[in-house]
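Peer 1: Input: one structure, supplied below.
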Protein chains: 2
Amino acid sequence: MSLLVVGSVAFDQIETPFGKSDKIVGGAGTYISLTSSYFTKDLGIVSVVGDDFPQSYIDLFHSKNVNTEGLEIKEGEKSFFWAGKYHNDLNSRDTLVTELNVLADFKPVVPAKLKNAEIVMLGNLSPDVQLSVIDQMETRPKLIVLDTMNFWMDIALDDLKKVISRIDVLTINDEEARQLSGEYSLVKAANKIIAMGPKVLIIKKGEHGALLFNENEVFFAPALPLEEVFDPTGAGDTFAGGFVGYLAKTNDTSFENMKRAIIYGSAMASFCVEKFGSVRIENLSETEINERVQQFVDLVQFDISL
Amino acid sequence: MSLLVVGSVAFDQIETPFGKSDKIVGGAGTYISLTSSYFTKDLGIVSVVGDDFPQSYIDLFHSKNVNTEGLEIKEGEKSFFWAGKYHNDLNSRDTLVTELNVLADFKPVVPAKLKNAEIVMLGNLSPDVQLSVIDQMETRPKLIVLDTMNFWMDIALDDLKKVISRIDVLTINDEEARQLSGEYSLVKAANKIIAMGPKVLIIKKGEHGALLFNENEVFFAPALPLEEVFDPTGAGDTFAGGFVGYLAKTNDTSFENMKRAIIYGSAMASFCVEKFGSVRIENLSETEINERVQQFVDLVQFDISL
């Protein structure tokens, strides 16, 4: 299936207890499309950067078959920049700098070639930007997946609810699921959120794994217990990229196949956190990916006959 | 396999956001032995109560085939009493009252009949009490499982390390694993703790499931996502009771069988939290237990062929 990825392509500067990065390429759109490219060669990105964005990274996208016709380059402007510092437990972070730059008035334009994409992955962006992408599609995609965050629940809840009502799969973390639903129990939260429109909800719990809900079923994917987490930046987007990439590759959006897709997403995310930024997911081999997925199989498989 | 359970038998008074209990029967020994009794009929408990402890509850133990020869009743003294209040998220609680009473100078005496038990489950108690039980065994049990908590790490670390060096399986929660090892990463913590003696470490993560480590392998058991958690008291002990009960029933202490045992423990714990105290685990049917275990199977099973 063809895949359209919409999300920020940007610069990040990251500080963890283990070190400090230079200004490196980041952004949800970067992580998602790089990760998806391991599974499908029929994908494109819609995003915006300034003329400070390195051509070498656009070349990297091309080398991975990511169509960049929809990656607008604004002359004389600067790319989105975020700087943050993680606390010692790596579960929380402080934002040090946010410079919206080109993202401040981002009006996504979906190129003709991508207007019939069968899967649309909307990375975390303002809900009205996400909505505008859906409106530009010529045919209703087979699957629309949307990621968002608490920030939009705080300042644009009505717009967010509007876009959520038009998608198929929502991915948020546990705190966001609680905020969006007003329910502490994640089971109750999932019921309420599914009633808002999406057929499937993915609740990301970071080092505690992820839950996949539809109206009647629930599936749990663990996170791999790791010796070291070096930098969590982009793990959620990498997870989403593995999820939609696997669905696109297998041409199957059933709940059973989403279980497999969420395991692939978790495996890809477990690579992402091993190095700064997107470094680790820029060059992975099929063997590495398969071995990592096998570790997830070994981690949770047991044999009980009732 | 025969099973010896050592742990407190006591009174609890519990306040949760959903209500307040009377003074009800609790204690690690109570939860563990009640839960184990669903899996094996060859078990006994070693503990101590005062003469305020209800005969009806001792009758309940007998109805479940729990041998109470080792349950000392101290005339003129009072049973251990704990009162606590859970916070709104149910993940943390304040202790309101702790009256040690008969537990203050508990000297466990293992009855002759239980001195050759093949599995010994040492519930959370002072490490020197746990050690004294091991010393009274006539033959080295096939499996010694020990539960403990941060309190003993704070005030009796040397004794705790001594008893840990003589057991096979240690069960603690994630924060305790970090405290005992000085490592934040649970993988590193597990390596260090296994080097202290136990062949197997179980790290309990409450609503986030449990990890089972040996020197070379790791297994993850999820917790069941529940609509309501009414009262978490005793969940960890119920988990341990299901774990050792299943091992005793199946007469198999291999790592593969421990994976199944941890799923049974998790299933039993998911019942425990549905009502105050031990109420929910006093009367379960085999059908209910099997249906709950099936929910765990459904929750994590997926089919990926690499």
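To be explicit about the labels: the chains of the structure tokens are called A, B, and onward in the order shown, and within each one the residues are counted from 1, while ligands get numbers from 1 in the order they are shown.
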Using the chain letters and numbers from this document, which residues of region 18-102 of chain B does DSSP assign to strand (DSSP E or B), as a VMD selection string?

Peer 2: chain B and resid 19 to 20 24 to 26 43 to 50 66 to 74 81 to 86 93 to 99

Peer 1: For the selection just defined, write its residues with C-alpha atoms to a file, as a PDB file, in the first residue's frame.

Peer 2:
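The result, stored in part35.pdb:
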ATOM      1  CA  GLY B  19     -14.617   3.174  50.333  1.00  0.00           C
ATOM      2  CA  LYS B  20     -13.289   2.020  53.666  1.00  0.00           C
ATOM      3  CA  ILE B  24     -10.521  -7.474  57.908  1.00  0.00           C
ATOM      4  CA  VAL B  25      -8.162 -10.419  57.673  1.00  0.00           C
ATOM      5  CA  GLY B  26      -5.032  -9.768  55.642  1.00  0.00           C
ATOM      6  CA  LEU B  43       0.422 -27.069  51.749  1.00  0.00           C
ATOM      7  CA  GLY B  44       0.888 -25.636  55.197  1.00  0.00           C
ATOM      8  CA  ILE B  45       1.448 -22.228  56.730  1.00  0.00           C
ATOM      9  CA  VAL B  46       3.832 -21.032  59.432  1.00  0.00           C
ATOM     10  CA  SER B  47       2.775 -17.808  61.098  1.00  0.00           C
ATOM     11  CA  VAL B  48       1.560 -16.280  64.359  1.00  0.00           C
ATOM     12  CA  VAL B  49      -1.688 -14.592  65.462  1.00  0.00           C
ATOM     13  CA  GLY B  50      -3.208 -13.400  68.725  1.00  0.00           C
ATOM     14  CA  VAL B  66      -4.125 -25.402  54.345  1.00  0.00           C
ATOM     15  CA  ASN B  67      -2.373 -27.158  57.251  1.00  0.00           C
ATOM     16  CA  THR B  68      -2.315 -24.715  60.193  1.00  0.00           C
ATOM     17  CA  GLU B  69      -0.205 -26.730  62.661  1.00  0.00           C
ATOM     18  CA  GLY B  70       2.440 -24.063  62.226  1.00  0.00           C
ATOM     19  CA  LEU B  71       0.008 -21.196  62.874  1.00  0.00           C
ATOM     20  CA  GLU B  72       0.808 -20.282  66.468  1.00  0.00           C
ATOM     21  CA  ILE B  73      -2.017 -18.671  68.466  1.00  0.00           C
ATOM     22  CA  LYS B  74      -0.670 -16.539  71.319  1.00  0.00           C
ATOM     23  CA  PHE B  81      -2.609  -4.814  62.570  1.00  0.00           C
ATOM     24  CA  TRP B  82      -2.026  -2.465  59.651  1.00  0.00           C
ATOM     25  CA  ALA B  83      -4.181   0.429  58.491  1.00  0.00           C
ATOM     26  CA  GLY B  84      -3.536   2.337  55.295  1.00  0.00           C
ATOM     27  CA  LYS B  85      -5.052   4.765  52.877  1.00  0.00           C
ATOM     28  CA  TYR B  86      -4.507   4.677  49.134  1.00  0.00           C
ATOM     29  CA  ARG B  93      -0.504   4.742  49.897  1.00  0.00           C
ATOM     30  CA  ASP B  94       0.058   6.134  53.370  1.00  0.00           C
ATOM     31  CA  THR B  95       0.410   3.839  56.358  1.00  0.00           C
ATOM     32  CA  LEU B  96      -1.891   5.133  59.100  1.00  0.00           C
ATOM     33  CA  VAL B  97      -1.289   2.514  61.802  1.00  0.00           C
ATOM     34  CA  THR B  98       1.216  -0.319  62.266  1.00  0.00           C
ATOM     35  CA  GLU B  99       0.810  -2.406  65.427  1.00  0.00           C
TER      36      GLU B  99
END

Peer 1: Go through chain A and flag each residue having an atom no more than 7 Å from chain B; for those, report the closest pair of atoms plus their distance in Å to one decimal, using only C-alpha atoms, ordered by chain and rising number, as a Markdown table.

Peer 2:
| residue | atom | partner | partner_atom | distance |
| --- | --- | --- | --- | --- |
| A:Ser185 | CA | B:Glu227 | CA | 5.9 |
| A:Val187 | CA | B:Glu227 | CA | 5.2 |
| A:Lys188 | CA | B:Glu227 | CA | 5.8 |
| A:His208 | CA | B:His208 | CA | 6.0 |
| A:Val218 | CA | B:Leu299 | CA | 6.2 |
| A:Phe219 | CA | B:Leu299 | CA | 4.6 |
| A:Phe220 | CA | B:Val300 | CA | 5.4 |
| A:Ala221 | CA | B:Val300 | CA | 6.7 |
| A:Pro225 | CA | B:Val187 | CA | 6.3 |
| A:Leu226 | CA | B:Val187 | CA | 6.2 |
| A:Glu227 | CA | B:Val187 | CA | 5.2 |
| A:Glu228 | CA | B:Ser185 | CA | 6.7 |
| A:Lys259 | CA | B:Phe302 | CA | 6.4 |
| A:Arg260 | CA | B:Phe302 | CA | 6.5 |
| A:Asn290 | CA | B:Leu306 | CA | 6.8 |
| A:Leu299 | CA | B:Phe219 | CA | 4.6 |
| A:Val300 | CA | B:Phe220 | CA | 5.4 |
| A:Gln301 | CA | B:Gln301 | CA | 6.8 |
| A:Phe302 | CA | B:Lys259 | CA | 6.4 |
| A:Ile304 | CA | B:Arg260 | CA | 6.6 |
| A:Leu306 | CA | B:Asn290 | CA | 6.8 |

Peer 1: Please, could you write that set of residues out with N, CA and C atoms as a PDB file, in the first residue's frame?

Peer 2:
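Below is the file that was written, result_32.pdb:
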ATOM      1  N   SER A 185      -8.728   4.961  34.513  1.00  0.00           N
ATOM      2  CA  SER A 185      -8.566   3.591  33.991  1.00  0.00           C
ATOM      3  C   SER A 185      -8.381   3.632  32.482  1.00  0.00           C
ATOM      4  N   VAL A 187      -8.723   1.284  30.379  1.00  0.00           N
ATOM      5  CA  VAL A 187      -9.787   0.547  29.692  1.00  0.00           C
ATOM      6  C   VAL A 187     -10.991   1.469  29.470  1.00  0.00           C
ATOM      7  N   LYS A 188     -11.374   2.182  30.516  1.00  0.00           N
ATOM      8  CA  LYS A 188     -12.480   3.140  30.371  1.00  0.00           C
ATOM      9  C   LYS A 188     -12.101   4.267  29.420  1.00  0.00           C
ATOM     10  N   HIS A 208       7.070   0.903  29.401  1.00  0.00           N
ATOM     11  CA  HIS A 208       6.102  -0.105  29.841  1.00  0.00           C
ATOM     12  C   HIS A 208       5.303  -0.694  28.679  1.00  0.00           C
ATOM     13  N   VAL A 218      -8.370  -6.193  23.181  1.00  0.00           N
ATOM     14  CA  VAL A 218      -7.187  -5.457  23.626  1.00  0.00           C
ATOM     15  C   VAL A 218      -5.967  -6.346  23.427  1.00  0.00           C
ATOM     16  N   PHE A 219      -4.881  -5.716  23.004  1.00  0.00           N
ATOM     17  CA  PHE A 219      -3.619  -6.420  22.807  1.00  0.00           C
ATOM     18  C   PHE A 219      -2.528  -5.602  23.467  1.00  0.00           C
ATOM     19  N   PHE A 220      -1.572  -6.303  24.063  1.00  0.00           N
ATOM     20  CA  PHE A 220      -0.479  -5.617  24.742  1.00  0.00           C
ATOM     21  C   PHE A 220       0.856  -5.989  24.116  1.00  0.00           C
ATOM     22  N   ALA A 221       1.637  -4.998  23.748  1.00  0.00           N
ATOM     23  CA  ALA A 221       3.002  -5.232  23.257  1.00  0.00           C
ATOM     24  C   ALA A 221       3.978  -4.669  24.283  1.00  0.00           C
ATOM     25  N   PRO A 225      13.165  -4.829  27.501  1.00  0.00           N
ATOM     26  CA  PRO A 225      14.005  -4.319  28.592  1.00  0.00           C
ATOM     27  C   PRO A 225      15.437  -4.127  28.070  1.00  0.00           C
ATOM     28  N   LEU A 226      15.938  -2.901  28.156  1.00  0.00           N
ATOM     29  CA  LEU A 226      17.241  -2.570  27.573  1.00  0.00           C
ATOM     30  C   LEU A 226      18.260  -2.277  28.657  1.00  0.00           C
ATOM     31  N   GLU A 227      19.509  -2.642  28.391  1.00  0.00           N
ATOM     32  CA  GLU A 227      20.598  -2.315  29.330  1.00  0.00           C
ATOM     33  C   GLU A 227      20.756  -0.799  29.444  1.00  0.00           C
ATOM     34  N   GLU A 228      20.693  -0.130  28.303  1.00  0.00           N
ATOM     35  CA  GLU A 228      20.911   1.310  28.270  1.00  0.00           C
ATOM     36  C   GLU A 228      19.859   1.958  27.390  1.00  0.00           C
ATOM     37  N   LYS A 259      -1.626  -6.205  15.427  1.00  0.00           N
ATOM     38  CA  LYS A 259      -0.840  -6.770  16.533  1.00  0.00           C
ATOM     39  C   LYS A 259       0.608  -6.969  16.094  1.00  0.00           C
ATOM     40  N   ARG A 260       0.768  -7.552  14.895  1.00  0.00           N
ATOM     41  CA  ARG A 260       2.131  -7.751  14.392  1.00  0.00           C
ATOM     42  C   ARG A 260       2.804  -6.400  14.138  1.00  0.00           C
ATOM     43  N   ASN A 290      15.009  -8.312  11.965  1.00  0.00           N
ATOM     44  CA  ASN A 290      14.408  -9.619  12.260  1.00  0.00           C
ATOM     45  C   ASN A 290      14.886 -10.170  13.607  1.00  0.00           C
ATOM     46  N   LEU A 299      10.379 -12.748  24.288  1.00  0.00           N
ATOM     47  CA  LEU A 299      10.074 -12.045  25.534  1.00  0.00           C
ATOM     48  C   LEU A 299       8.689 -12.374  26.066  1.00  0.00           C
ATOM     49  N   VAL A 300       7.734 -12.601  25.193  1.00  0.00           N
ATOM     50  CA  VAL A 300       6.348 -12.749  25.683  1.00  0.00           C
ATOM     51  C   VAL A 300       5.698 -14.085  25.357  1.00  0.00           C
ATOM     52  N   GLN A 301       6.340 -14.902  24.527  1.00  0.00           N
ATOM     53  CA  GLN A 301       5.636 -16.126  24.149  1.00  0.00           C
ATOM     54  C   GLN A 301       5.719 -17.172  25.258  1.00  0.00           C
ATOM     55  N   PHE A 302       4.575 -17.752  25.567  1.00  0.00           N
ATOM     56  CA  PHE A 302       4.536 -18.871  26.512  1.00  0.00           C
ATOM     57  C   PHE A 302       3.484 -19.833  25.976  1.00  0.00           C
ATOM     58  N   ILE A 304       0.526 -22.135  27.144  1.00  0.00           N
ATOM     59  CA  ILE A 304      -0.440 -22.658  28.113  1.00  0.00           C
ATOM     60  C   ILE A 304      -1.597 -23.257  27.320  1.00  0.00           C
ATOM     61  N   LEU A 306      -5.285 -24.686  27.779  1.00  0.00           N
ATOM     62  CA  LEU A 306      -6.361 -24.750  28.788  1.00  0.00           C
ATOM     63  C   LEU A 306      -7.393 -25.803  28.403  1.00  0.00           C
TER      64      LEU A 306
END

Peer 1: Hey, what's within 12 Å of Ser285 (chain B) if we count only C-alpha atoms and toss same-chain stuff fewer than 5 positions away? As a list in words, please?

Peer 2: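 So the residues in contact are Thr35, Ser37, Tyr38, Phe39, Met268, Phe271, Arg280, Asn290, Glu291 and Arg292 of chain B.
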
Peer 1: Would you put the residues from that selection into a file with C-alpha atoms, as a compact mmCIF listing (two decimals), in the first residue's frame?

Peer 2:
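Result written to result.txt:
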# COMPACT_ATOMS: atom_id res chain seq x y z
CA THR B 35 -4.16 -18.46 46.45
CA SER B 37 -4.70 -23.65 47.68
CA TYR B 38 -6.37 -23.42 44.25
CA PHE B 39 -3.41 -25.33 42.78
CA MET B 268 -4.81 -14.51 40.37
CA PHE B 271 -8.90 -11.11 40.78
CA ARG B 280 -12.32 -12.02 45.90
CA ASN B 290 -9.14 -20.64 33.38
CA GLU B 291 -11.15 -17.89 31.71
CA ARG B 292 -8.91 -15.26 33.29

Peer 1: Find the residue from B:Asn251, B:Ser33, B:Ser92, B:Thr148 that sits nearest to Glu282 (chain B); use only C-alpha atoms when measuring.

Peer 2: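 Closest to Glu282 (chain B), using only C-alpha atoms: B:Ser33.
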
Peer 1: Considering only C-alpha atoms, return as a PyMOL selection string whatever protein or nucleic-acid residues lie within 12 Å of Ile164 (chain B), sequence-local ones (same chain, fewer than 5 positions apart) excluded.

Peer 2: chain B and resi 122+127-128+130-131+134+144-148+152-153+157-159+169-172+180+193-201

Peer 1: Take the residues just selected and output them with C-alpha atoms as an mmCIF file, in the first residue's frame.

Peer 2:
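Output file again-v5.cif follows:
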data_model
loop_
_atom_site.group_PDB
_atom_site.id
_atom_site.type_symbol
_atom_site.label_atom_id
_atom_site.label_comp_id
_atom_site.auth_asym_id
_atom_site.auth_seq_id
_atom_site.Cartn_x
_atom_site.Cartn_y
_atom_site.Cartn_z
ATOM 1 C CA LEU B 122 8.926 -16.915 52.326
ATOM 2 C CA PRO B 127 15.264 -11.430 56.983
ATOM 3 C CA ASP B 128 16.343 -13.156 60.215
ATOM 4 C CA GLN B 130 13.139 -15.911 56.910
ATOM 5 C CA LEU B 131 16.640 -17.285 57.555
ATOM 6 C CA ILE B 134 15.511 -22.099 55.974
ATOM 7 C CA ILE B 144 12.986 -21.412 47.906
ATOM 8 C CA VAL B 145 11.129 -18.275 46.841
ATOM 9 C CA LEU B 146 11.519 -15.080 48.856
ATOM 10 C CA ASP B 147 9.594 -11.825 48.866
ATOM 11 C CA THR B 148 10.922 -8.747 50.634
ATOM 12 C CA TRP B 152 14.437 -4.381 55.087
ATOM 13 C CA MET B 153 16.926 -2.911 52.607
ATOM 14 C CA LEU B 157 20.615 -5.031 54.447
ATOM 15 C CA ASP B 158 23.328 -7.407 55.656
ATOM 16 C CA ASP B 159 20.806 -9.952 56.953
ATOM 17 C CA VAL B 169 13.831 -16.998 43.359
ATOM 18 C CA LEU B 170 13.575 -13.405 44.610
ATOM 19 C CA THR B 171 10.449 -11.299 44.040
ATOM 20 C CA ILE B 172 10.665 -7.532 44.488
ATOM 21 C CA LEU B 180 19.117 -3.295 46.013
ATOM 22 C CA ILE B 193 20.966 -9.235 41.867
ATOM 23 C CA ILE B 194 21.351 -12.651 40.249
ATOM 24 C CA ALA B 195 25.061 -12.410 41.086
ATOM 25 C CA MET B 196 24.006 -12.134 44.769
ATOM 26 C CA GLY B 197 22.686 -15.687 44.776
ATOM 27 C CA PRO B 198 19.180 -16.255 43.411
ATOM 28 C CA LYS B 199 19.014 -18.075 40.085
ATOM 29 C CA VAL B 200 15.817 -16.262 39.160
ATOM 30 C CA LEU B 201 14.576 -12.722 39.780
#
